[in-house]
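Peer 1: Let me give you the structure first, and then I'll get to my questions.
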Amino acid sequence: MEDLRTTLIKHGFRFKKQFGQNFISDTNLLKSIVAASGIGGEDTAVEIGCGAGTLTRALAEVAKRVYAFDIDTDLKPVLAETLSGLDNVEVIFRDFNKLDLSAFEREIGAYTVVANLPYYITTPLVTKLLEESELCKGVSVMVQEEVAERFCARENTPEYGAITAAIALKGSAKIVKRVPRTLFYPRPNVDSAVVKISFERGRLPVKSEKMYRAAVRSAFFNRRKTLENNLVACFSLSRETAKEILRRAEIDEKARGETLSPERLGMLSDVLCDYIKD
């Protein structure tokens with residue numbers, strides 16, 4: 001930790017609260033994150049929010065190629081030092097969430113995302129990969145512990161939500177490591193966890209992925225209201241039509257969205273395809 005602190009001070013780096021910057025320097029933790037991702041010598045890794053480059057270097061020691069993204073150009077001198085001597089790393093100072101992902105994937109081929117993510121970017125990033133990516137094999141990310149619980153939640157729990165169901169369409173998520181706040185610099189106010197999302201194309205064989213996402217949004221549109229009410233509000237349906245859709249999907253008309261498994265939401269979306277133009 002002291003070496004990382006010294007390097008940052010030497011280059012006059014100042015942490016920016018708006019970027020949620022909390023860096024890792026614990027060698028064992030870095031190695032365990034890389035190991036959990038399953039990346040090998042022929043693989044390409046994409047890191048979002050590379051920070052001071054400690055995870056980047058750990059990835060570079062294992063992966064064939066590493067593309068490391070960050071938006072803070074003040075890190076350039078820091079990364080020039082921490083990544084010196086590595087010829088398989090390309091640092092890209094761009095906002096990954098604004099990237100033309102299809103063009104990027106045509107350039108680099110199949111890849112795995114590994115990252116220590118700040119809270120504000122976590123859900124938008126995972127959503128982008130779920131909805132736009134064709135070549136991402138999986139995602140291993142360090143996130144706040146409560147976010148990790150949300151990614152892996154089961155239906156009928158407070159943590160279960162739209163992002164949980166969205167992940168279930170394309171893959172399966174599990175917590176592979178819990179990480180205390182003491183291993184970060186500067187120290188955050190919460191503990192973290194590493195979540196691994198393994199992408200499985202066609203995991204839920206729905207008629208329309210777009211309609212599935214719309215069904216998920218409606219299910220969690222207002223958690224305090226029944227699914228019937230949310231369907232009426234989100235799709236401008238008559239109440240009788242909403243009831244008919246629920247009957248066909250074999251869902252109780254008094255059910256709430258958070259009680260439906262991803263599989264049941266898939267059935268709902270398939271029925272909705274018969275009533276609503278995609």
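We name chains A, B, ... following the order of the structure tokens; residues begin at 1 in each chain, and ligands are numbered from 1 as shown.
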Using only C-alpha atoms, which protein or nucleic acid residues come within 10 Å of Val195 in chain A? Drop anything in the same chain fewer than 6 positions from it, and give the result as a short mmCIF file (atom, residue, chain, number, x, y, z; two decimals) with N, CA, C and O atoms, in the first residue's frame.
Peer 2:
```cif
data_model
loop_
_atom_site.label_atom_id
_atom_site.label_comp_id
_atom_site.auth_asym_id
_atom_site.auth_seq_id
_atom_site.Cartn_x
_atom_site.Cartn_y
_atom_site.Cartn_z
N ILE A 33 -8.43 -12.05 -7.89
CA ILE A 33 -9.42 -11.49 -8.83
C ILE A 33 -9.16 -12.02 -10.23
O ILE A 33 -10.08 -12.45 -10.94
N ALA A 36 -10.01 -15.76 -10.44
CA ALA A 36 -11.46 -16.00 -10.45
C ALA A 36 -12.07 -15.73 -11.82
O ALA A 36 -13.09 -16.33 -12.18
N SER A 37 -11.45 -14.85 -12.59
CA SER A 37 -11.98 -14.52 -13.92
C SER A 37 -11.80 -15.65 -14.91
O SER A 37 -12.49 -15.70 -15.94
N VAL A 114 -12.74 -7.56 -16.71
CA VAL A 114 -12.31 -7.67 -15.32
C VAL A 114 -12.09 -6.25 -14.82
O VAL A 114 -11.39 -5.46 -15.46
N VAL A 139 -17.89 -11.50 -17.18
CA VAL A 139 -17.55 -10.28 -16.44
C VAL A 139 -17.19 -10.67 -15.02
O VAL A 139 -17.96 -11.34 -14.33
N SER A 140 -15.99 -10.26 -14.58
CA SER A 140 -15.60 -10.44 -13.18
C SER A 140 -15.30 -9.06 -12.62
O SER A 140 -14.32 -8.43 -13.01
N VAL A 141 -16.15 -8.60 -11.70
CA VAL A 141 -16.03 -7.22 -11.24
C VAL A 141 -16.08 -7.12 -9.72
O VAL A 141 -16.81 -7.85 -9.06
N MET A 142 -15.28 -6.21 -9.22
CA MET A 142 -15.35 -5.83 -7.81
C MET A 142 -16.36 -4.70 -7.68
O MET A 142 -16.25 -3.66 -8.34
N VAL A 143 -17.37 -4.93 -6.85
CA VAL A 143 -18.42 -3.93 -6.66
C VAL A 143 -18.75 -3.83 -5.18
O VAL A 143 -18.31 -4.64 -4.37
N GLN A 144 -19.53 -2.82 -4.82
CA GLN A 144 -19.99 -2.73 -3.43
C GLN A 144 -20.77 -3.99 -3.08
O GLN A 144 -21.49 -4.55 -3.91
N GLU A 145 -20.63 -4.42 -1.85
CA GLU A 145 -21.22 -5.69 -1.44
C GLU A 145 -22.73 -5.74 -1.68
O GLU A 145 -23.27 -6.76 -2.11
N VAL A 147 -24.41 -4.26 -3.97
CA VAL A 147 -24.64 -4.41 -5.41
C VAL A 147 -24.40 -5.86 -5.82
O VAL A 147 -25.15 -6.44 -6.62
N ALA A 148 -23.36 -6.46 -5.25
CA ALA A 148 -23.08 -7.87 -5.53
C ALA A 148 -24.27 -8.75 -5.13
O ALA A 148 -24.66 -9.66 -5.86
N GLU A 149 -24.84 -8.46 -3.97
CA GLU A 149 -26.00 -9.23 -3.51
C GLU A 149 -27.17 -9.06 -4.47
O GLU A 149 -27.92 -10.00 -4.73
N PHE A 151 -26.99 -8.45 -7.73
CA PHE A 151 -26.71 -9.18 -8.97
C PHE A 151 -27.06 -10.66 -8.85
O PHE A 151 -27.48 -11.29 -9.83
N CYS A 152 -26.88 -11.22 -7.66
CA CYS A 152 -27.02 -12.67 -7.46
C CYS A 152 -28.31 -13.07 -6.75
O CYS A 152 -28.48 -14.23 -6.38
N ALA A 173 -24.78 -15.34 -12.31
CA ALA A 173 -23.88 -14.55 -11.48
C ALA A 173 -23.66 -15.22 -10.13
O ALA A 173 -24.58 -15.82 -9.57
N LYS A 174 -22.44 -15.13 -9.63
CA LYS A 174 -22.16 -15.64 -8.29
C LYS A 174 -21.07 -14.80 -7.64
O LYS A 174 -20.18 -14.27 -8.31
N ILE A 175 -21.16 -14.67 -6.32
CA ILE A 175 -20.12 -13.97 -5.56
C ILE A 175 -18.98 -14.94 -5.32
O ILE A 175 -19.18 -16.03 -4.78
N VAL A 176 -17.78 -14.56 -5.76
CA VAL A 176 -16.64 -15.47 -5.62
C VAL A 176 -15.69 -15.04 -4.51
O VAL A 176 -14.85 -15.82 -4.07
N LYS A 177 -15.82 -13.79 -4.04
CA LYS A 177 -14.94 -13.33 -2.97
C LYS A 177 -15.52 -12.08 -2.32
O LYS A 177 -16.01 -11.19 -3.03
N ARG A 178 -15.47 -12.03 -1.00
CA ARG A 178 -15.86 -10.82 -0.27
C ARG A 178 -14.60 -10.10 0.19
O ARG A 178 -13.64 -10.74 0.64
#
```
Peer 1: Hey, could you make a per-residue contact list for range 159-244 of chain A against range 8-19 of chain A with 12 Å as the cut-off, showing the nearest pair of atoms and its distance in Å to one decimal, counting only C-alpha atoms, sorted by chain and number, as JSON lines?
Peer 2:
```
{"residue": "A:Tyr185", "atom": "CA", "partner": "A:Phe15", "partner_atom": "CA", "distance": 10.0}
{"residue": "A:Pro186", "atom": "CA", "partner": "A:Phe15", "partner_atom": "CA", "distance": 8.6}
{"residue": "A:Arg187", "atom": "CA", "partner": "A:Phe15", "partner_atom": "CA", "distance": 11.8}
{"residue": "A:Pro188", "atom": "CA", "partner": "A:Lys17", "partner_atom": "CA", "distance": 11.0}
```
Peer 1: I need the residue nearest Ile71 in chain A from this list: A:Leu231, A:Ile24, A:Ile92, A:Leu125. Use only C-alpha atoms for the distance.
Peer 2: A:Ile92
Peer 1: Near Ala35 in chain A, within 12 Å and counting only C-alpha atoms, which residues show up once chain neighbours fewer than 3 positions away are dropped, as a list in words?
Peer 2: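 Listed by chain and then number, they are Asn28, Leu29, Leu30, Lys31, Ser32, Gly38, Ile39, Gly40, Gly41, Leu55, Ala58, Leu59, Glu61, Val62, Ala63, Val114, Ser140, Val176, Lys177, Val194 and Lys196 of chain A.
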Peer 1: Generate the output file for the selected residues, N, CA, C and O atoms, as a compact mmCIF listing (two decimals), in the first residue's frame.
Peer 2:
```txt
# COMPACT_ATOMS: atom_id res chain seq x y z
N ASN A 28 -2.07 -10.33 -3.16
CA ASN A 28 -2.85 -11.56 -3.10
C ASN A 28 -4.28 -11.34 -3.60
O ASN A 28 -4.84 -12.20 -4.29
N LEU A 29 -4.87 -10.20 -3.25
CA LEU A 29 -6.21 -9.89 -3.71
C LEU A 29 -6.23 -9.74 -5.23
O LEU A 29 -7.12 -10.27 -5.91
N LEU A 30 -5.27 -9.03 -5.77
CA LEU A 30 -5.19 -8.83 -7.22
C LEU A 30 -5.08 -10.16 -7.95
O LEU A 30 -5.78 -10.41 -8.94
N LYS A 31 -4.23 -11.04 -7.44
CA LYS A 31 -4.07 -12.36 -8.08
C LYS A 31 -5.35 -13.18 -7.99
O LYS A 31 -5.70 -13.90 -8.93
N SER A 32 -6.05 -13.07 -6.87
CA SER A 32 -7.28 -13.86 -6.71
C SER A 32 -8.39 -13.36 -7.63
O SER A 32 -9.19 -14.15 -8.14
N GLY A 38 -10.85 -16.54 -14.63
CA GLY A 38 -10.60 -17.67 -15.53
C GLY A 38 -9.77 -17.32 -16.75
O GLY A 38 -9.63 -18.12 -17.67
N ILE A 39 -9.19 -16.13 -16.77
CA ILE A 39 -8.40 -15.69 -17.92
C ILE A 39 -7.09 -16.49 -18.02
O ILE A 39 -6.42 -16.73 -17.01
N GLY A 40 -6.75 -16.89 -19.25
CA GLY A 40 -5.52 -17.63 -19.49
C GLY A 40 -4.62 -16.94 -20.51
O GLY A 40 -4.90 -15.82 -20.95
N GLY A 41 -3.59 -17.64 -20.89
CA GLY A 41 -2.54 -17.05 -21.73
C GLY A 41 -2.93 -16.69 -23.14
O GLY A 41 -2.21 -15.95 -23.82
N LEU A 55 -4.34 -3.65 -10.92
CA LEU A 55 -5.04 -4.80 -11.48
C LEU A 55 -4.64 -5.01 -12.94
O LEU A 55 -4.54 -6.15 -13.41
N ALA A 58 -1.52 -7.03 -12.99
CA ALA A 58 -1.81 -8.42 -12.62
C ALA A 58 -2.46 -9.16 -13.79
O ALA A 58 -2.17 -10.34 -14.03
N LEU A 59 -3.34 -8.49 -14.53
CA LEU A 59 -3.95 -9.09 -15.71
C LEU A 59 -2.93 -9.33 -16.80
O LEU A 59 -2.93 -10.38 -17.47
N GLU A 61 0.10 -10.00 -16.61
CA GLU A 61 1.01 -11.12 -16.31
C GLU A 61 0.40 -12.46 -16.70
O GLU A 61 1.11 -13.47 -16.78
N VAL A 62 -0.92 -12.47 -16.96
CA VAL A 62 -1.61 -13.72 -17.29
C VAL A 62 -2.19 -13.70 -18.70
O VAL A 62 -2.09 -14.68 -19.43
N ALA A 63 -2.82 -12.60 -19.08
CA ALA A 63 -3.55 -12.52 -20.35
C ALA A 63 -2.61 -12.28 -21.53
O ALA A 63 -1.49 -11.78 -21.38
N VAL A 114 -12.74 -7.56 -16.71
CA VAL A 114 -12.31 -7.67 -15.32
C VAL A 114 -12.09 -6.25 -14.82
O VAL A 114 -11.39 -5.46 -15.46
N SER A 140 -15.99 -10.26 -14.58
CA SER A 140 -15.60 -10.44 -13.18
C SER A 140 -15.30 -9.06 -12.62
O SER A 140 -14.32 -8.43 -13.01
N VAL A 176 -17.78 -14.56 -5.76
CA VAL A 176 -16.64 -15.47 -5.62
C VAL A 176 -15.69 -15.04 -4.51
O VAL A 176 -14.85 -15.82 -4.07
N LYS A 177 -15.82 -13.79 -4.04
CA LYS A 177 -14.94 -13.33 -2.97
C LYS A 177 -15.52 -12.08 -2.32
O LYS A 177 -16.01 -11.19 -3.03
N VAL A 194 -16.38 -9.55 -5.09
CA VAL A 194 -16.11 -9.85 -6.50
C VAL A 194 -17.23 -10.74 -7.02
O VAL A 194 -17.51 -11.80 -6.44
N LYS A 196 -18.71 -12.81 -10.36
CA LYS A 196 -18.40 -13.36 -11.68
C LYS A 196 -19.71 -13.66 -12.41
O LYS A 196 -20.55 -14.39 -11.90
```
Peer 1: Can you tell me, as a ChimeraX atom specification, which residues in range 25-219 of chain A count as alpha helix (DSSP H) by DSSP?
Peer 2: /A:27-37,54-60,76-82,101-108,119-132,145-151,162-170,209-219
Peer 1: Using only C-alpha atoms for the distances, tell me which of A:Pro180, A:Lys254, A:Gly266, A:Lys225 is nearest to Leu204 in chain A.
Peer 2: A:Gly266
Peer 1: List as a PyMOL selection string the protein and nucleic acid residues near range 207-209 of chain A, meaning an atom at most 10 Å away when only C-alpha atoms are counted, but skip any in the same chain fewer than 5 places from it.
Peer 2: chain A and resi 131+166+169-170+202+214-215+266-267+269-273+278
Peer 1: Separation of CA of Gly257 in chain A and CA of Glu132 in chain A, in Å?
Peer 2: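 Distance reported for this atom pair: 24.9 Å.
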Peer 1: Please provide the set of residues having any atom within 9 Å of Thr54 in chain A, restricted to only C-alpha atoms, with same-chain residues fewer than 5 positions apart removed, written as a list in words.
Peer 2: Leu4, Phe23, Ile24, Ser25, Asp26, Thr27, Leu30, Leu59, Thr82 and Leu83 of chain A
Peer 1: May I have the selected residues written with N, CA and C atoms, as a CSV table (one decimal), in the first residue's frame?
Peer 2:
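The result, stored in result.csv:
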```
chain,number,residue,atom,x,y,z
A,4,LEU,N,2.2,2.2,-3.5
A,4,LEU,CA,1.2,2.9,-4.3
A,4,LEU,C,0.9,4.3,-3.9
A,23,PHE,N,-8.4,2.5,-5.1
A,23,PHE,CA,-7.4,1.6,-5.7
A,23,PHE,C,-7.0,0.4,-4.8
A,24,ILE,N,-6.6,-0.7,-5.5
A,24,ILE,CA,-6.2,-1.9,-4.8
A,24,ILE,C,-4.7,-2.0,-5.0
A,25,SER,N,-4.0,-2.4,-3.9
A,25,SER,CA,-2.6,-2.7,-4.0
A,25,SER,C,-2.2,-4.1,-3.4
A,26,ASP,N,-3.1,-4.7,-2.7
A,26,ASP,CA,-2.8,-6.0,-2.1
A,26,ASP,C,-2.6,-7.1,-3.2
A,27,THR,N,-1.4,-7.6,-3.2
A,27,THR,CA,-1.0,-8.5,-4.3
A,27,THR,C,-1.8,-9.8,-4.3
A,30,LEU,N,-5.3,-9.0,-5.8
A,30,LEU,CA,-5.2,-8.8,-7.2
A,30,LEU,C,-5.1,-10.2,-7.9
A,59,LEU,N,-3.3,-8.5,-14.5
A,59,LEU,CA,-4.0,-9.1,-15.7
A,59,LEU,C,-2.9,-9.3,-16.8
A,82,THR,N,3.6,2.6,-13.4
A,82,THR,CA,3.2,1.3,-12.9
A,82,THR,C,3.0,0.3,-14.0
A,83,LEU,N,2.9,0.7,-15.2
A,83,LEU,CA,2.8,-0.3,-16.3
A,83,LEU,C,4.0,-0.3,-17.2
```
Peer 1: Which residues are near Arg224 in chain A? Cut-off 12 Å, only C-alpha atoms, ignore same chain within fewer than 4 positions. Put them as a list of chain:residue names.
Peer 2: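 Non-adjacent residues within range: A:Ala219, A:Phe220, A:Glu228, A:Asn229, A:Asn230, A:Lys254, A:Ala255, A:Arg256, A:Gly257, A:Glu258, A:Thr259.
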Peer 1: Would you save the residues of that selection, restricted to C-alpha atoms, as a compact mmCIF listing (two decimals), in the first residue's frame?
Peer 2:
```txt
# COMPACT_ATOMS: atom_id res chain seq x y z
CA ALA A 219 -42.42 -5.83 -13.39
CA PHE A 220 -40.26 -3.50 -11.32
CA GLU A 228 -51.35 -6.17 -13.31
CA ASN A 229 -51.25 -2.45 -12.45
CA ASN A 230 -47.71 -2.13 -13.79
CA LYS A 254 -52.35 -10.19 -7.57
CA ALA A 255 -48.66 -11.08 -7.96
CA ARG A 256 -45.95 -8.45 -7.70
CA GLY A 257 -42.97 -8.32 -10.04
CA GLU A 258 -40.36 -9.29 -7.45
CA THR A 259 -42.09 -12.65 -6.90
```
Peer 1: When you count only C-alpha atoms, which of these residues is closest to Glu159 in chain A: A:Tyr275, A:Arg223, A:Arg57, A:Thr182?
Peer 2: A:Arg223
